[in-house]
Amino acid sequence: MSTPKLAIKNLTKKYFLSNSQTVTALNNFNLKVFPGEFVSIIGPSGCGKTTLLNIIAGVEKETSGEISLDGNIENSRRGKFGYMFQESLLLPWRTVEENLILELDIKKIPREKSLKKARQLLKKFHLEKFAKEHPSTLSGGMKQKVSLLRTILFNDSFLLLDEPFGALDQITRHGLQIWLKKTLKKFNTTTLFITHDISEAKLLSDRIIQLKNN
């Protein structure tokens, strides 16, 4: 079997509260995700799903445990994943193509080079007619498509998706699930996906991991 793209060993996250109490969000959690695999994580609210993604992405620090990428232990993981949240988080004053290159602007990649990549990506998915539009003119589903493409443009090798379709109606959501599945096949992307919806997980995933409250 190939080397895991991501390997998590005995990951524990504790929050130390001001009243001297301790809340354990994750306790000795283990997981391996292989290249090109789509793994969904399901579980009730408060079981540590978002905390897990935050730790993997380097947004939060684990209390203990080990995280490896491509066989190498990584203590600093910021910028090594494309991370998409439930909200689209598009900036209303930027056009679609300008929103796509937001992270590239932060990384100080030359604007023309970034815009060229964004336009190529929009054309690839037949969305080029929206390039000059602002988020206020887009539907909820289209906003999520733009947000997903922005995440892919930042890092198309490994995506962390935190309930990206959770706020959408069922019809729009199903259409985006099919679109996501087709999109990721074009990039051979490794994906870790959080959802409350078991049917969504079954439709999209190679494997499903269930978390429980500690």
# chains A, B, ... in the order shown; residues from 1 in each chain; ligands from 1

call {"tool": "residues_around", "arguments": {"residues": "Phe158 in chain A", "least_positions_apart": "5", "cutoff": "6 Å", "atoms": "only C-alpha atoms", "output": "PyMOL selection string"}}
result
chain A and resi 81+189-191

call {"tool": "residues_around", "arguments": {"residues": "range 97-106 of chain A", "least_positions_apart": "4", "cutoff": "12 Å", "atoms": "only C-alpha atoms", "output": "ChimeraX atom specification"}}
result
/A:79,81-83,88-93,110-123,127-135,143-155

call {"tool": "select_by_dssp", "arguments": {"residues": "range 28-181 of chain A", "states": "strand (DSSP E or B)", "output": "list in words"}}
result
Asn28, Phe29, Asn30, Leu31, Lys32, Val33, Phe38, Val39, Ser40, Ile41, Ile42, Ser64, Gly65, Glu66, Ile67, Ser68, Leu69, Asn72, Ile73, Gly82, Tyr83, Met84, Phe158, Leu159, Leu160, Leu161 and Asp162 of chain A

call {"tool": "write_last_selection", "arguments": {"atoms": "C-alpha atoms", "output": "mmCIF file, in the first residue's frame"}}
result
data_model
loop_
_atom_site.group_PDB
_atom_site.id
_atom_site.type_symbol
_atom_site.label_atom_id
_atom_site.label_comp_id
_atom_site.auth_asym_id
_atom_site.auth_seq_id
_atom_site.Cartn_x
_atom_site.Cartn_y
_atom_site.Cartn_z
ATOM 1 C CA ASN A 28 -6.072 9.514 20.988
ATOM 2 C CA PHE A 29 -7.531 9.906 17.509
ATOM 3 C CA ASN A 30 -5.891 7.944 14.684
ATOM 4 C CA LEU A 31 -6.446 8.221 10.943
ATOM 5 C CA LYS A 32 -4.696 7.530 7.636
ATOM 6 C CA VAL A 33 -5.801 9.139 4.370
ATOM 7 C CA PHE A 38 -12.139 11.030 -0.303
ATOM 8 C CA VAL A 39 -12.772 10.453 3.421
ATOM 9 C CA SER A 40 -15.837 11.825 5.191
ATOM 10 C CA ILE A 41 -16.052 12.408 8.929
ATOM 11 C CA ILE A 42 -19.516 12.335 10.460
ATOM 12 C CA SER A 64 -0.409 15.783 22.019
ATOM 13 C CA GLY A 65 -0.022 13.411 19.110
ATOM 14 C CA GLU A 66 1.683 13.300 15.734
ATOM 15 C CA ILE A 67 0.670 14.401 12.244
ATOM 16 C CA SER A 68 2.589 13.312 9.136
ATOM 17 C CA LEU A 69 2.264 14.451 5.533
ATOM 18 C CA ASN A 72 7.129 13.239 7.137
ATOM 19 C CA ILE A 73 6.165 14.537 10.575
ATOM 20 C CA GLY A 82 -6.867 24.027 0.857
ATOM 21 C CA TYR A 83 -9.384 24.731 3.661
ATOM 22 C CA MET A 84 -13.027 25.569 2.905
ATOM 23 C CA PHE A 158 -5.328 18.139 -0.431
ATOM 24 C CA LEU A 159 -8.627 19.744 0.555
ATOM 25 C CA LEU A 160 -10.198 20.107 3.992
ATOM 26 C CA LEU A 161 -13.926 20.793 3.553
ATOM 27 C CA ASP A 162 -15.996 21.680 6.626
#

call {"tool": "closest_residue", "arguments": {"among": "A:Thr63, A:Ser157, A:Thr50, A:Thr137", "to": "Asn10 in chain A", "atoms": "only C-alpha atoms"}}
result
A:Thr63

call {"tool": "closest_residue", "arguments": {"among": "A:Ala25, A:Lys14, A:Leu192, A:Pro4", "to": "Ser45 in chain A", "atoms": "only C-alpha atoms"}}
result
A:Ala25

call {"tool": "atom_distance", "arguments": {"atom1": "CA of Glu60 in chain A", "atom2": "CA of Gly46 in chain A"}}
result
15.9 Å

call {"tool": "select_by_dssp", "arguments": {"residues": "range 11-141 of chain A", "states": "alpha helix (DSSP H)", "output": "PyMOL selection string"}}
result
chain A and resi 49-57+96-100+102-106+111-124+140-141

call {"tool": "write_last_selection", "arguments": {"atoms": "C-alpha atoms", "output": "PDB file, in the first residue's frame"}}
result
ATOM      1  CA  LYS A  49     -14.932  17.394  13.752  1.00  0.00           C
ATOM      2  CA  THR A  50     -14.075  21.042  13.108  1.00  0.00           C
ATOM      3  CA  THR A  51     -11.389  20.981  15.800  1.00  0.00           C
ATOM      4  CA  LEU A  52      -9.771  18.106  13.921  1.00  0.00           C
ATOM      5  CA  LEU A  53      -9.650  20.066  10.659  1.00  0.00           C
ATOM      6  CA  ASN A  54      -8.355  23.163  12.461  1.00  0.00           C
ATOM      7  CA  ILE A  55      -5.507  21.151  13.958  1.00  0.00           C
ATOM      8  CA  ILE A  56      -4.639  19.468  10.662  1.00  0.00           C
ATOM      9  CA  ALA A  57      -4.572  22.871   8.928  1.00  0.00           C
ATOM     10  CA  VAL A  96     -15.397  36.424  -8.770  1.00  0.00           C
ATOM     11  CA  GLU A  97     -11.954  36.247 -10.367  1.00  0.00           C
ATOM     12  CA  GLU A  98     -10.531  38.561  -7.700  1.00  0.00           C
ATOM     13  CA  ASN A  99     -12.040  36.385  -4.950  1.00  0.00           C
ATOM     14  CA  LEU A 100     -10.464  33.318  -6.533  1.00  0.00           C
ATOM     15  CA  LEU A 102      -7.368  36.109  -2.622  1.00  0.00           C
ATOM     16  CA  GLU A 103      -4.945  33.628  -1.030  1.00  0.00           C
ATOM     17  CA  LEU A 104      -2.548  34.065  -3.947  1.00  0.00           C
ATOM     18  CA  ASP A 105      -2.565  37.815  -3.281  1.00  0.00           C
ATOM     19  CA  ILE A 106      -1.746  37.110   0.361  1.00  0.00           C
ATOM     20  CA  ARG A 111      -1.483  39.668  -9.864  1.00  0.00           C
ATOM     21  CA  GLU A 112      -1.445  38.955 -13.621  1.00  0.00           C
ATOM     22  CA  LYS A 113      -0.091  35.457 -13.069  1.00  0.00           C
ATOM     23  CA  SER A 114      -2.788  34.766 -10.470  1.00  0.00           C
ATOM     24  CA  LEU A 115      -5.590  36.160 -12.635  1.00  0.00           C
ATOM     25  CA  LYS A 116      -4.454  34.022 -15.559  1.00  0.00           C
ATOM     26  CA  LYS A 117      -4.746  30.902 -13.380  1.00  0.00           C
ATOM     27  CA  ALA A 118      -8.166  31.997 -12.103  1.00  0.00           C
ATOM     28  CA  ARG A 119      -9.506  32.615 -15.617  1.00  0.00           C
ATOM     29  CA  GLN A 120      -8.206  29.259 -16.819  1.00  0.00           C
ATOM     30  CA  LEU A 121      -9.937  27.541 -13.902  1.00  0.00           C
ATOM     31  CA  LEU A 122     -13.230  29.350 -14.527  1.00  0.00           C
ATOM     32  CA  LYS A 123     -13.055  28.449 -18.217  1.00  0.00           C
ATOM     33  CA  LYS A 124     -12.317  24.797 -17.397  1.00  0.00           C
ATOM     34  CA  GLY A 140     -25.941  30.473  -2.809  1.00  0.00           C
ATOM     35  CA  GLY A 141     -24.860  27.464  -4.855  1.00  0.00           C
TER      36      GLY A 141
END
